[in-house]
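Structure file run-v2.tsv (TSV, C-alpha atoms) follows.
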chain	number	residue	atom	x	y	z
A	249	MET	CA	-22.49	1.12	-36.29
A	250	THR	CA	-19.83	3.77	-36.31
A	251	LEU	CA	-17.13	4.86	-33.91
A	252	GLU	CA	-18.62	7.17	-31.29
A	253	LEU	CA	-17.50	9.09	-28.23
A	254	VAL	CA	-19.17	6.56	-25.95
A	255	HIS	CA	-16.79	3.81	-27.15
A	256	PHE	CA	-13.80	5.84	-26.01
A	257	GLN	CA	-15.50	6.65	-22.71
A	258	VAL	CA	-16.48	3.09	-21.87
A	259	PHE	CA	-13.00	1.86	-22.78
A	260	SER	CA	-11.49	4.52	-20.56
A	261	ALA	CA	-13.77	3.36	-17.70
A	262	LEU	CA	-12.59	-0.23	-18.29
A	263	LEU	CA	-8.91	0.76	-18.27
A	264	PHE	CA	-9.46	2.88	-15.13
A	265	SER	CA	-11.10	-0.05	-13.28
A	266	ILE	CA	-8.28	-2.41	-14.25
A	267	GLY	CA	-5.72	0.11	-13.00
A	268	LEU	CA	-7.69	0.67	-9.79
A	269	PHE	CA	-7.76	-3.07	-9.16
A	270	GLY	CA	-3.98	-3.12	-9.63
A	271	VAL	CA	-3.42	-0.26	-7.19
A	272	LEU	CA	-5.62	-1.88	-4.52
A	273	ALA	CA	-4.61	-5.52	-4.95
A	274	ARG	CA	-0.86	-5.36	-5.53
A	275	ARG	CA	1.64	-5.60	-2.73
A	276	ASN	CA	4.84	-4.83	-4.59
A	277	ALA	CA	5.43	-1.05	-4.68
A	278	VAL	CA	6.72	-1.09	-8.28
A	279	LEU	CA	3.55	-2.87	-9.43
A	280	VAL	CA	1.42	-0.26	-7.65
A	281	LEU	CA	3.29	2.48	-9.54
A	282	ILE	CA	2.75	0.69	-12.88
A	283	SER	CA	-0.98	0.43	-12.09
A	284	ILE	CA	-1.07	4.18	-11.41
A	285	GLU	CA	0.35	4.68	-14.92
A	286	ILE	CA	-2.60	2.66	-16.28
A	287	LEU	CA	-5.00	4.91	-14.34
A	288	LEU	CA	-3.44	8.05	-15.88
A	289	ASN	CA	-3.60	6.46	-19.33
A	290	ALA	CA	-7.31	5.82	-18.87
A	291	VAL	CA	-7.83	9.50	-18.09
A	292	ASN	CA	-5.90	10.41	-21.25
A	293	VAL	CA	-8.09	8.13	-23.38
A	294	ASN	CA	-11.16	9.93	-22.08
A	295	LEU	CA	-9.62	13.37	-22.71
A	296	ILE	CA	-8.56	12.50	-26.26
A	297	GLY	CA	-11.96	11.00	-27.05
A	298	LEU	CA	-13.70	14.15	-25.86
A	299	ALA	CA	-11.24	16.37	-27.75
A	300	ALA	CA	-11.90	14.50	-30.99
A	301	PHE	CA	-15.65	13.96	-30.80
A	302	LEU	CA	-17.11	16.87	-28.88
A	303	ASP	CA	-18.62	19.67	-30.91
A	304	LEU	CA	-16.32	22.49	-29.78
A	305	PRO	CA	-15.39	25.77	-31.42
A	306	PRO	CA	-12.21	25.34	-33.53
A	307	GLU	CA	-9.93	27.24	-31.15
A	308	GLN	CA	-10.88	24.95	-28.26
A	309	ARG	CA	-10.54	21.73	-30.17
A	310	VAL	CA	-6.97	20.96	-29.11
A	311	THR	CA	-7.48	21.81	-25.41
A	312	GLY	CA	-8.06	18.14	-24.60
A	313	GLN	CA	-4.73	17.23	-26.19
A	314	VAL	CA	-2.96	20.02	-24.25
A	315	ILE	CA	-4.35	18.74	-20.95
A	316	ALA	CA	-3.36	15.19	-21.92
A	317	ILE	CA	0.22	16.42	-22.46
A	318	PHE	CA	0.19	17.88	-18.94
A	319	VAL	CA	-1.09	14.56	-17.59
A	320	ILE	CA	1.80	12.75	-19.33
A	321	ILE	CA	4.34	15.25	-17.88
A	322	ILE	CA	3.00	14.76	-14.35
A	323	ALA	CA	2.92	10.98	-14.86
A	324	ALA	CA	6.60	11.02	-15.83
A	325	ALA	CA	7.49	13.10	-12.76
A	326	GLU	CA	5.39	10.80	-10.56
A	327	ILE	CA	6.98	7.56	-11.76
A	328	ALA	CA	10.51	9.00	-11.42
A	329	LEU	CA	9.91	10.14	-7.84
A	330	GLY	CA	8.00	6.98	-6.94
A	331	LEU	CA	10.72	4.66	-8.22
A	332	ALA	CA	13.40	6.71	-6.41
A	333	ILE	CA	11.47	6.38	-3.14
A	334	VAL	CA	11.04	2.61	-3.69
A	335	LEU	CA	14.79	2.26	-4.36
A	336	ARG	CA	15.64	4.21	-1.22
A	337	TYR	CA	13.20	2.18	0.86
A	338	PHE	CA	14.62	-1.06	-0.55
A	339	ARG	CA	18.11	-0.04	0.63
A	340	THR	CA	16.96	0.34	4.23
A	341	ARG	CA	14.52	-2.58	4.45
A	342	ASP	CA	15.56	-5.01	1.66
A	343	SER	CA	11.94	-5.23	0.51
A	344	ALA	CA	9.44	-3.48	-1.77
A	345	ASN	CA	6.44	-4.79	0.16
A	346	THR	CA	3.89	-2.00	0.71
A	347	ASP	CA	2.32	-3.89	3.65
A	348	ALA	CA	5.58	-3.69	5.59
A	349	MET	CA	6.12	0.04	5.09
A	350	ASN	CA	5.70	1.27	8.66
A	351	LEU	CA	8.85	3.34	9.24
A	352	MET	CA	6.74	6.35	10.27
A	353	LYS	CA	4.49	4.37	12.63
A	354	GLY	CA	4.31	6.08	16.02
B	187	MET	CA	-19.47	-2.37	-38.34
B	188	SER	CA	-17.37	0.35	-39.89
B	189	GLY	CA	-13.62	0.16	-40.41
B	190	PRO	CA	-12.70	2.63	-37.64
B	191	LEU	CA	-14.91	0.76	-35.17
B	192	ILE	CA	-13.26	-2.59	-35.96
B	193	THR	CA	-9.83	-0.97	-35.57
B	194	PHE	CA	-10.98	0.55	-32.29
B	195	PHE	CA	-12.13	-2.81	-30.94
B	196	LEU	CA	-8.89	-4.53	-31.95
B	197	LEU	CA	-6.76	-1.82	-30.30
B	198	ALA	CA	-9.00	-1.72	-27.21
B	199	LEU	CA	-8.76	-5.50	-26.90
B	200	LEU	CA	-4.96	-5.37	-27.17
B	201	SER	CA	-4.73	-2.59	-24.64
B	202	ALA	CA	-7.18	-4.10	-22.15
B	203	ALA	CA	-5.42	-7.47	-22.41
B	204	GLY	CA	-2.11	-5.76	-21.71
B	205	ALA	CA	-3.57	-3.90	-18.72
B	206	LEU	CA	-5.14	-7.09	-17.33
B	207	TRP	CA	-1.81	-8.84	-17.76
B	208	VAL	CA	-0.16	-6.02	-15.78
B	209	VAL	CA	-2.48	-6.45	-12.80
B	210	LEU	CA	-2.62	-10.26	-12.89
B	211	ALA	CA	0.94	-11.27	-13.83
B	212	ARG	CA	2.77	-13.57	-11.43
B	213	ASP	CA	6.14	-12.10	-12.39
B	214	VAL	CA	7.15	-8.46	-11.92
B	215	VAL	CA	9.12	-8.32	-15.18
B	216	HIS	CA	6.15	-9.71	-17.13
B	217	ALA	CA	3.98	-6.95	-15.64
B	218	ALA	CA	6.44	-4.27	-16.78
B	219	LEU	CA	6.54	-5.69	-20.32
B	220	ALA	CA	2.74	-5.97	-20.38
B	221	LEU	CA	2.59	-2.24	-19.57
B	222	LEU	CA	4.33	-1.73	-22.92
B	223	VAL	CA	1.55	-3.67	-24.71
B	224	ALA	CA	-1.13	-1.63	-22.92
B	225	VAL	CA	0.39	1.78	-23.71
B	226	LEU	CA	1.08	0.88	-27.36
B	227	GLY	CA	-2.61	-0.06	-27.75
B	228	VAL	CA	-3.62	3.25	-26.18
B	229	SER	CA	-1.29	5.11	-28.53
B	230	GLY	CA	-3.06	3.44	-31.44
B	231	LEU	CA	-6.35	4.73	-30.04
B	232	PHE	CA	-4.86	8.24	-29.95
B	233	LEU	CA	-4.01	7.91	-33.65
B	234	LEU	CA	-7.59	6.80	-34.30
B	235	ALA	CA	-8.81	10.03	-32.65
B	236	PHE	CA	-6.49	12.15	-34.87
B	237	SER	CA	-4.09	12.98	-32.02
B	238	GLU	CA	-0.82	12.12	-33.75
B	239	PHE	CA	1.41	14.10	-31.41
B	240	LEU	CA	-0.06	12.41	-28.34
B	241	ALA	CA	0.41	8.99	-29.96
B	242	LEU	CA	4.06	9.82	-30.63
B	243	THR	CA	4.58	11.15	-27.09
B	244	GLN	CA	2.91	8.07	-25.66
B	245	VAL	CA	5.27	5.71	-27.51
B	246	LEU	CA	8.38	7.78	-26.66
B	247	ILE	CA	7.65	8.45	-22.98
B	248	TYR	CA	5.77	5.33	-21.90
B	249	GLY	CA	7.21	2.84	-24.38
B	250	GLY	CA	10.72	4.20	-23.98
B	251	ALA	CA	11.40	6.07	-20.78
B	252	VAL	CA	8.86	4.73	-18.27
B	253	THR	CA	9.22	1.04	-19.20
B	254	VAL	CA	13.03	1.23	-19.04
B	255	ALA	CA	12.93	3.09	-15.71
B	256	VAL	CA	10.50	0.51	-14.28
B	257	LEU	CA	12.67	-2.39	-15.51
B	258	PHE	CA	15.73	-0.82	-13.88
B	259	ALA	CA	13.80	-0.34	-10.63
B	260	ILE	CA	12.68	-3.99	-10.72
B	261	MET	CA	16.26	-5.10	-11.33
B	262	LEU	CA	17.49	-3.08	-8.35
B	263	THR	CA	14.71	-4.12	-5.95
B	264	ARG	CA	14.75	-7.88	-6.53
B	265	ASP	CA	13.94	-9.70	-3.32
B	266	ASN	CA	16.60	-12.22	-2.38
B	267	GLY	CA	15.05	-13.13	0.93
B	268	PRO	CA	11.81	-15.07	1.47
B	269	GLN	CA	9.38	-14.19	-1.33
B	270	PHE	CA	6.27	-12.37	-0.23
B	271	GLY	CA	3.25	-12.73	-2.47
B	272	LEU	CA	2.72	-10.08	-5.13
B	273	ASP	CA	-0.90	-9.55	-4.09
B	274	ASN	CA	-2.60	-8.27	-0.96
B	275	PRO	CA	-5.05	-10.28	1.15
B	276	GLN	CA	-7.62	-7.62	0.17
B	277	LYS	CA	-7.61	-8.79	-3.47
B	278	PRO	CA	-11.32	-9.84	-3.57
B	279	LEU	CA	-12.36	-6.50	-2.08
B	280	ALA	CA	-10.22	-4.72	-4.68
B	281	ALA	CA	-11.96	-6.66	-7.46
B	282	ILE	CA	-15.38	-5.68	-6.10
B	283	ALA	CA	-14.34	-2.01	-5.82
B	284	ALA	CA	-12.98	-1.99	-9.38
B	285	LEU	CA	-16.16	-3.63	-10.69
B	286	VAL	CA	-18.36	-1.07	-8.89
B	287	VAL	CA	-16.30	1.82	-10.30
B	288	PHE	CA	-16.55	0.34	-13.80
B	289	VAL	CA	-20.33	-0.10	-13.59
B	290	VAL	CA	-20.90	3.41	-12.20
B	291	LEU	CA	-18.61	5.08	-14.76
B	292	THR	CA	-20.11	3.15	-17.67
B	293	ALA	CA	-23.66	3.91	-16.58
B	294	THR	CA	-22.74	7.60	-16.32
B	295	PHE	CA	-21.10	7.68	-19.75
B	296	VAL	CA	-23.88	5.78	-21.51
B	297	THR	CA	-26.67	7.89	-20.02
B	298	SER	CA	-24.77	11.19	-20.28
B	299	ASP	CA	-26.10	13.61	-22.87
B	300	ILE	CA	-22.53	14.53	-23.83
B	301	ALA	CA	-22.37	11.29	-25.82
B	302	THR	CA	-25.39	12.27	-27.88
B	303	ALA	CA	-24.54	15.99	-28.18
B	304	GLY	CA	-23.39	17.37	-31.52
B	305	ARG	CA	-20.52	15.71	-33.34
B	306	SER	CA	-17.37	17.55	-34.27
B	307	ASP	CA	-16.12	17.43	-37.83
B	308	VAL	CA	-13.52	14.84	-36.75
B	309	ALA	CA	-16.29	12.35	-36.22
B	310	GLY	CA	-17.86	13.61	-39.43
B	311	ALA	CA	-14.67	12.74	-41.30
B	312	TYR	CA	-15.15	9.10	-40.29
B	313	LEU	CA	-18.79	9.10	-41.28
B	314	SER	CA	-18.25	10.60	-44.72
B	315	ALA	CA	-15.02	8.62	-45.35
B	316	GLU	CA	-13.45	11.76	-46.80
B	317	ALA	CA	-9.83	12.77	-46.41
B	318	PRO	CA	-9.02	13.20	-42.69
B	319	VAL	CA	-9.17	16.68	-41.21
B	320	LYS	CA	-6.08	18.87	-41.25
B	321	THR	CA	-3.33	17.53	-39.06
B	322	SER	CA	-3.51	18.96	-35.57
B	323	PHE	CA	0.25	19.47	-35.05
B	324	GLU	CA	0.10	23.14	-36.00
B	325	ALA	CA	-2.98	23.93	-33.93
B	326	LEU	CA	-1.60	22.02	-30.95
B	327	GLY	CA	1.77	23.79	-31.10
B	328	SER	CA	0.34	27.28	-31.32
B	329	THR	CA	-2.17	26.60	-28.53
B	330	LEU	CA	0.47	25.05	-26.28
B	331	PHE	CA	3.02	27.83	-26.71
B	332	VAL	CA	0.68	30.83	-26.80
B	333	LYS	CA	-2.39	30.21	-24.68
B	334	TRP	CA	-0.83	27.62	-22.35
B	335	ALA	CA	2.74	28.95	-22.35
B	336	ILE	CA	2.96	29.69	-18.60
B	337	PRO	CA	1.41	26.40	-17.45
B	338	PHE	CA	3.72	24.62	-19.89
B	339	GLU	CA	6.82	26.28	-18.44
B	340	LEU	CA	5.58	25.52	-14.92
B	341	ALA	CA	5.13	21.89	-15.91
B	342	ALA	CA	8.70	21.84	-17.24
B	343	LEU	CA	9.85	23.24	-13.88
B	344	VAL	CA	7.84	20.60	-12.00
B	345	LEU	CA	9.43	17.87	-14.11
B	346	LEU	CA	12.93	19.28	-13.53
B	347	VAL	CA	12.42	19.54	-9.76
B	348	ALA	CA	10.93	16.03	-9.62
B	349	LEU	CA	13.83	14.51	-11.57
B	350	VAL	CA	16.50	16.32	-9.52
B	351	GLY	CA	14.60	15.30	-6.39
B	352	SER	CA	14.45	11.66	-7.44
B	353	ILE	CA	18.21	11.62	-8.12
B	354	THR	CA	18.80	13.13	-4.68
B	355	ILE	CA	16.50	10.61	-2.99
B	356	ALA	CA	18.00	7.63	-4.80
B	357	ARG	CA	21.61	8.69	-4.09
B	358	GLY	CA	21.02	9.85	-0.52
B	359	ALA	CA	21.79	6.55	1.22
B	360	GLU	CA	25.24	6.11	-0.34
B	361	ARG	CA	26.30	9.65	0.48
B	362	GLY	CA	25.09	9.28	4.05
B	363	GLU	CA	27.17	6.14	4.50
B	364	SER	CA	30.37	7.63	3.13
B	365	GLU	CA	30.24	10.74	5.34

Can the structure from this file be put into structure tokens for me?
Amino acid sequence: MTLELVHFQVFSALLFSIGLFGVLARRNAVLVLISIEILLNAVNVNLIGLAAFLDLPPEQRVTGQVIAIFVIIIAAAEIALGLAIVLRYFRTRDSANTDAMNLMKG
Amino acid sequence: MSGPLITFFLLALLSAAGALWVVLARDVVHAALALLVAVLGVSGLFLLAFSEFLALTQVLIYGGAVTVAVLFAIMLTRDNGPQFGLDNPQKPLAAIAALVVFVVLTATFVTSDIATAGRSDVAGAYLSAEAPVKTSFEALGSTLFVKWAIPFELAALVLLVALVGSITIARGAERGESE
């Protein structure tokens, strides 16, 4: 048995499911944001596996890595904005509970 | 079992254990530290797929910046009042949904013909146990700054706007009070 693309893909599916469970089951906003980071990491694992194992022409071989870099950039922007919003919310409500976030309720 | 496959399983086990610890931990700080374990395992997997630059970026950005930012956010949002549980009442439903997604994705990947399509020479390098293929730093750099130059600059702009925006959002309350 050797290392194949399908190993990377199944592992990325596993990581994605774990992250999805975190996003759906957690109540603390910071924990939800951390779980979203796991989701984005799972996507990156899939991209890198495809970039390494797919039979592409040489000039397209690094495209997967380039897209993974963009995913990391967006993930950094997302966590910075998300944490800032959580901090701001905590100042007004003294809580990071996502179930209690109803400031915009009509 | 070949060497790369054993390494892959060890790293995948480490990373999956870290991720499970993130979503199951009873303490917020433990979850943030477990994220570090998970992303370091993933960075090892990137190395295994000959993506050195991504592995380095992963350690620097996730291991350094994101974990520290999350720890600071946890420190600043500690609940002093009555503790609410860390998990939702919908936890069993979430577990079912995650399980369904995992089964569907795995079935798709295993039956997909992409997995059995031709192998690149990277995979061939493992099979023949020869010297690894040429490092991809050079190819990655020239692709990123020639073919993807405009998207890259746009991404830099997005990051700048997001960071300035997050500073503005986080400071807003204090400024509003002092005026």

List as a tab-separated table every residue of chain A that is in contact with chain B, defined as an atom at most 7 Å from one of its atoms (using only C-alpha atoms), together with the nearest atom pair and the distance in Å rounded to one decimal, sorted by chain and then rising number.
residue	atom	partner	partner_atom	distance
A:Met249	CA	B:Met187	CA	5.1
A:Thr250	CA	B:Ser188	CA	5.5
A:Leu251	CA	B:Leu191	CA	4.8
A:Leu253	CA	B:Ala301	CA	5.9
A:Val254	CA	B:Ala301	CA	5.7
A:Gln257	CA	B:Phe295	CA	6.4
A:Val258	CA	B:Thr292	CA	5.6
A:Phe259	CA	B:Ala198	CA	7.0
A:Ala261	CA	B:Phe288	CA	5.7
A:Leu262	CA	B:Phe288	CA	6.0
A:Leu263	CA	B:Ala202	CA	6.5
A:Ser265	CA	B:Ala284	CA	4.7
A:Ile266	CA	B:Leu206	CA	6.4
A:Leu268	CA	B:Ala284	CA	5.9
A:Phe269	CA	B:Ala284	CA	5.3
A:Gly270	CA	B:Val209	CA	4.8
A:Leu272	CA	B:Ala280	CA	5.4
A:Ala273	CA	B:Lys277	CA	4.7
A:Arg274	CA	B:Asp273	CA	4.4
A:Arg275	CA	B:Asp273	CA	4.9
A:Asn276	CA	B:Leu272	CA	5.7
A:Ile296	CA	B:Phe232	CA	6.7
A:Gly297	CA	B:Ala235	CA	6.5
A:Ala300	CA	B:Ala235	CA	5.7
A:Phe301	CA	B:Ser306	CA	5.3
A:Leu302	CA	B:Ser306	CA	5.4
A:Asp303	CA	B:Ser306	CA	4.2
A:Leu304	CA	B:Ser306	CA	6.8
A:Val310	CA	B:Leu326	CA	5.8
A:Val314	CA	B:Leu330	CA	6.4
A:Ile321	CA	B:Leu345	CA	6.9
A:Ala325	CA	B:Leu345	CA	5.3
A:Ala328	CA	B:Ser352	CA	6.2
A:Leu329	CA	B:Ser352	CA	4.8
A:Leu331	CA	B:Ala259	CA	6.3
A:Ala332	CA	B:Ala356	CA	5.0
A:Ile333	CA	B:Ile355	CA	6.6
A:Leu335	CA	B:Ala356	CA	6.3
A:Arg336	CA	B:Ala356	CA	5.5
A:Phe338	CA	B:Thr263	CA	6.2
A:Ser343	CA	B:Asp265	CA	6.2
A:Ala344	CA	B:Thr263	CA	6.8

Might I get the box with edges along x, y and z of the file that holds all atoms of stretch 294-298 of chain A listed there, padded by 3 Å on every side, given as centre and edge lengths in Å to one decimal, as AutoDock Vina command-line options?
--center_x -11.1 --center_y 12.0 --center_z -24.6 --size_x 11.1 --size_y 10.2 --size_z 11.0

Residue among B:Val254, B:Asp299, B:Glu324, B:Leu246 lying closest to B:Leu219, counting all atoms listed in the file: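 Using all atoms listed in the file, B:Leu219 sits closest to B:Val254.
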